[in-house]
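Only one structure is covered here, and it is reproduced in the block below.
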Amino acid sequence: MMTVETVSCFPRLVTLGLISEAQCEAGERHPRCGDAEAYEGLAQQLIWLVRERIVSHAKLLAIRERSISELGDQNQRERDTVLSQVLPQLDALSPSLNETLLDSLLRDGLITKHEHDSTMAQPFPIVFTSEAQALAHVVDCGVMPLARFDALAKQLQSEEASEAGARRLSIVEEACSTLLALRMAQVAPESASEKSGARGWLVLFLVIGIMLFAGYKGFRWLDAAPACDSSAVTKPILSKMASMAVTLDPAHVFGSPRLTDIREVGHASARHQRGCSAKLELGGESKPFSYVIAPVSDTNETMTVTGTHPAIVEARFARIGSDGSFANMAEPIGRDALEAAMRAVMGDDRPSLSGLLNPMDPTKALLSHIIPERIREIAEIEPIGACRELQRGTRYACKVMVERNDPILQMVGQRSEIVEGEFTFERTGEPGHWRVSDDFQSEFASALHAARVRAAGGGKS
């Protein structure tokens with residue numbers, strides 16, 4: 001019996017920029033990878049990856065837009081040839097592939113039979129990657145009214161305790177984020193005549209959006225995180241920004257986003273973390289953008305590249321101790337204990353779905369990869385000075401910077417706000433445990449008021 005050794009085409013798709021290394025690995029690990037090996041040529045392999053929900057149809061459309069307008073590398077002709085073969089076939093396959101997801105939503109009780117059939121009767125813009133994206137389309141195309149979607153979300157919040165309820169709620173939460181991205185795309189500028197008033201909004205949206213996105217990369221760190229301007233770091237950021245920009249600016253009026261003036265704010269070698277600062281430029285507009293490169297955990301070699309407020313990056317990384325860790329350690333309380341004490345009184349870590357359907361809320365509008373920590377009310381807590389002893393060994397006042405997501409500010413397109421203040425902490429009966437004092441609410445209210453006054457005065461106190 002003769003066997004034929006097949007050679008995977010997936011690495012070539014990576015070289016062409018059509019899939020990521022992670023998607024290549026996911027395809028090769030897939031239990032039905034042998035099916036893909038039976039196909040001849042890059043186009044059929046790429047279609048298989050989309051069929052298996054490993055590669056996004058929407059991302060391929062975004063790549064085509066970028067390839068036409070700006071890529072211009074030595075692979076452009078081959079890449080365009082593959083896309084010209086793949087995209088028409090995906091358009092033809094979208095009804096059957098999406099019906100599978102709609103069937104799953106129907107079984108889960110997330111849509112009705114009428115909503116299922118009505119959606120199938122309409123054209124599909126893309127092949128959806130998940131039940132959540134399919135559910136967002138059901139709402140976006142008008143089959144499911146917003147009021148019913150909101151009621152469904154509230155109902156599932158009450159069922160979250162069960163395993164099935166939690167899974168269905170996660171689908172609805174992701175669908176909500178996707179829906180908001182679609183709504184933001186619908187209010188994007190429709191012509192170049194609106195360019196001057198809209199491009200600043202678009203750049204701000206990309207800054208806010210990318211701050212909610214974490215790019216994961218399997219670096220094997222030893223003594224350092226990758227450099228701020230490393231292509232392995234900037235590539236996933238720019239890729240995500242380009243994808244979002246195509247969604248919001250399909251006519252490509254403003255061109256492609258760029259990162260400029262990249263610099264290292266600080267390198268905490270003991271923690272394998274690096275704080276970085278840059279400018280995001282698009283269509284002649286520029287906004288500050290900062291990010292942190294850090295391992296997922298102390299024992300995990302996988303690194304994350306996460307957008308972070310510039311003020312937090314400066315406070316955390318501008319001063320690094322001789323031991324290679326952060327200089328501001330909030331002693332004797334400690335950074336972790338200080339944050340835990342504040343979060344204990346500052347509400348639920350998971351944001352409520354209530355109000356998320358406002359289409360002018362850009363902070364939630366991402367197609368994927370939302371970081372829950374970035375959209376809770378208190379996104380970051382950073383000590384910014386030594387703690388001052390008020391009562392020997394038991395009571396201290398510490399200066400702290402807080403990054404706060406204000407839903408009212410977000411509705412008018414503003415990013416999170418920075419609140420600085422001195423807050424009082426008290427030692428509890430348990431060793432190493434601390435709590436905020438009874439004065440915390442008034443202390444935080446005063447700090448928030450001062451932040452608003454500074455903002456109204458252009459940053460001057």
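Going by the structure tokens order, chains are called A, B, ..., each with residues numbered from 1, while ligands are numbered from 1 in the order shown.
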Identify, on the basis of only C-alpha atoms, every residue whose closest approach to Glu21 in chain A does not exceed 9 Å; exclude the query and any residue fewer than 3 positions from it along the same chain; express the result as a ChimeraX atom specification.
-> /A:10-11,14,24-26
Save the residues we just selected, N, CA, C and O atoms, as an mmCIF file, in the first residue's frame?
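Everything below was put into again-v1.cif:
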```
data_model
loop_
_atom_site.group_PDB
_atom_site.id
_atom_site.type_symbol
_atom_site.label_atom_id
_atom_site.label_comp_id
_atom_site.auth_asym_id
_atom_site.auth_seq_id
_atom_site.Cartn_x
_atom_site.Cartn_y
_atom_site.Cartn_z
ATOM 1 N N PHE A 10 -0.332 25.793 5.222
ATOM 2 C CA PHE A 10 -0.601 26.838 6.198
ATOM 3 C C PHE A 10 0.566 27.805 6.389
ATOM 4 O O PHE A 10 0.351 29.022 6.451
ATOM 5 N N PRO A 11 1.822 27.342 6.515
ATOM 6 C CA PRO A 11 2.922 28.319 6.694
ATOM 7 C C PRO A 11 3.026 29.318 5.552
ATOM 8 O O PRO A 11 3.403 30.470 5.773
ATOM 9 N N VAL A 14 0.742 32.092 6.197
ATOM 10 C CA VAL A 14 1.317 33.019 7.178
ATOM 11 C C VAL A 14 2.259 33.995 6.482
ATOM 12 O O VAL A 14 2.213 35.204 6.714
ATOM 13 N N CYS A 24 -2.296 29.345 12.168
ATOM 14 C CA CYS A 24 -1.601 28.239 11.500
ATOM 15 C C CYS A 24 -1.492 27.049 12.441
ATOM 16 O O CYS A 24 -1.807 25.907 12.066
ATOM 17 N N GLU A 25 -1.058 27.305 13.676
ATOM 18 C CA GLU A 25 -0.924 26.235 14.655
ATOM 19 C C GLU A 25 -2.271 25.621 15.000
ATOM 20 O O GLU A 25 -2.395 24.399 15.148
ATOM 21 N N ALA A 26 -3.315 26.467 15.114
ATOM 22 C CA ALA A 26 -4.652 25.950 15.404
ATOM 23 C C ALA A 26 -5.150 25.041 14.287
ATOM 24 O O ALA A 26 -5.776 24.010 14.531
#
```
Compile the contact shell of range 265-274 of chain A as a PyMOL selection string: residues with an atom at most 10 Å away, counting only C-alpha atoms, same-chain residues fewer than 6 positions apart removed.
-> chain A and resi 221-228+290-295+297-298+301+303-305+310+313-327
Store the residues picked out above, limited to C-alpha atoms, as a short mmCIF file (atom, residue, chain, number, x, y, z; two decimals), in the first residue's frame.
```cif
data_model
loop_
_atom_site.label_atom_id
_atom_site.label_comp_id
_atom_site.auth_asym_id
_atom_site.auth_seq_id
_atom_site.Cartn_x
_atom_site.Cartn_y
_atom_site.Cartn_z
CA TRP A 221 11.30 35.46 27.66
CA LEU A 222 14.36 35.06 29.83
CA ASP A 223 15.57 38.43 31.04
CA ALA A 224 13.45 40.87 29.07
CA ALA A 225 10.17 41.47 27.31
CA PRO A 226 10.33 42.25 23.57
CA ALA A 227 11.28 45.81 22.65
CA CYS A 228 8.54 48.43 22.27
CA SER A 290 0.56 53.66 25.32
CA TYR A 291 0.83 49.94 25.87
CA VAL A 292 2.34 47.38 28.22
CA ILE A 293 4.20 44.21 27.23
CA ALA A 294 3.92 41.63 30.01
CA PRO A 295 3.67 37.87 30.60
CA SER A 297 1.42 35.21 34.60
CA ASP A 298 4.64 34.66 36.53
CA GLU A 301 5.90 32.41 28.85
CA MET A 303 3.29 37.60 26.50
CA THR A 304 0.45 40.09 26.14
CA VAL A 305 0.52 43.48 24.43
CA PRO A 310 -0.67 56.91 29.06
CA VAL A 313 2.11 53.74 31.94
CA GLU A 314 4.10 56.82 32.96
CA ALA A 315 3.29 56.37 36.66
CA ARG A 316 4.12 52.66 36.63
CA PHE A 317 7.21 52.55 34.42
CA ALA A 318 8.89 55.96 34.59
CA ARG A 319 10.52 55.00 37.89
CA ILE A 320 11.99 51.52 38.15
CA GLY A 321 13.79 50.38 41.31
CA SER A 322 17.33 49.03 41.43
CA ASP A 323 15.87 45.54 41.83
CA GLY A 324 14.19 45.80 38.40
CA SER A 325 10.69 46.11 39.84
CA PHE A 326 8.32 49.07 40.12
CA ALA A 327 9.56 51.84 42.39
#
```
Closest atom pairs, residues of range 242-355 of chain A within 10 Å of range 415-421 of chain A, only C-alpha atoms, as CSV:
```
residue,atom,partner,partner_atom,distance
A:His309,CA,A:Ser416,CA,8.0
A:Pro310,CA,A:Ile418,CA,10.0
A:Ala311,CA,A:Ile418,CA,7.6
A:Ile312,CA,A:Ile418,CA,8.5
```
Near Gly41 in chain A, counting only C-alpha atoms, which residues have an atom at most 9 Å away, once you skip same-chain residues fewer than 4 positions from it, shown as a PyMOL selection string?
-> chain A and resi 9+45-46
Return as a Markdown table the residues of range 19-70 of chain A lying at most 8 Å from range 109-127 of chain A, together with the closest atom-to-atom pair for each and the distance in Å to one decimal, counting only C-alpha atoms, with rows in chain order and ascending residue number.
```
| residue | atom | partner | partner_atom | distance |
| --- | --- | --- | --- | --- |
| A:Val50 | CA | A:Val127 | CA | 7.8 |
| A:Ser56 | CA | A:Val127 | CA | 7.6 |
| A:His57 | CA | A:Val127 | CA | 5.7 |
| A:Ala58 | CA | A:Ile126 | CA | 6.4 |
```
So which residues touch Glu426 in chain A within 10 Å, counting only C-alpha atoms, skipping near sequence neighbours fewer than 3 positions away, as number ranges by chain?
-> A: 333, 341, 390-391, 393-397, 429, 433-438
Separation of CA of Glu331 in chain A from CA of Ile384 in chain A in Å =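 According to the coordinates, CA of Ile384 in chain A and CA of Glu331 in chain A are separated by 11.3 Å.
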Quick one: everything within 8 Å of Ser243 in chain A, counting only C-alpha atoms, minus sequence neighbours fewer than 4 positions away in the same chain. Send it as a list of chain:residue names.
->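 So, after excluding close chain neighbours, the residues are A:Lys59, A:Ala62, A:Ile63, A:Ser239, A:Thr247.
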Would you mind telling me which residue in A:Met342, A:Met401, A:Cys387, A:Ile47 lies nearest to Phe440 in chain A when using only C-alpha atoms?
->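 Using only C-alpha atoms, Phe440 in chain A sits closest to A:Met342.
For the atom pair formed by CA of Arg404 in chain A and CA of Ile378 in chain A, the distance is 4.7 Å, given to one decimal.
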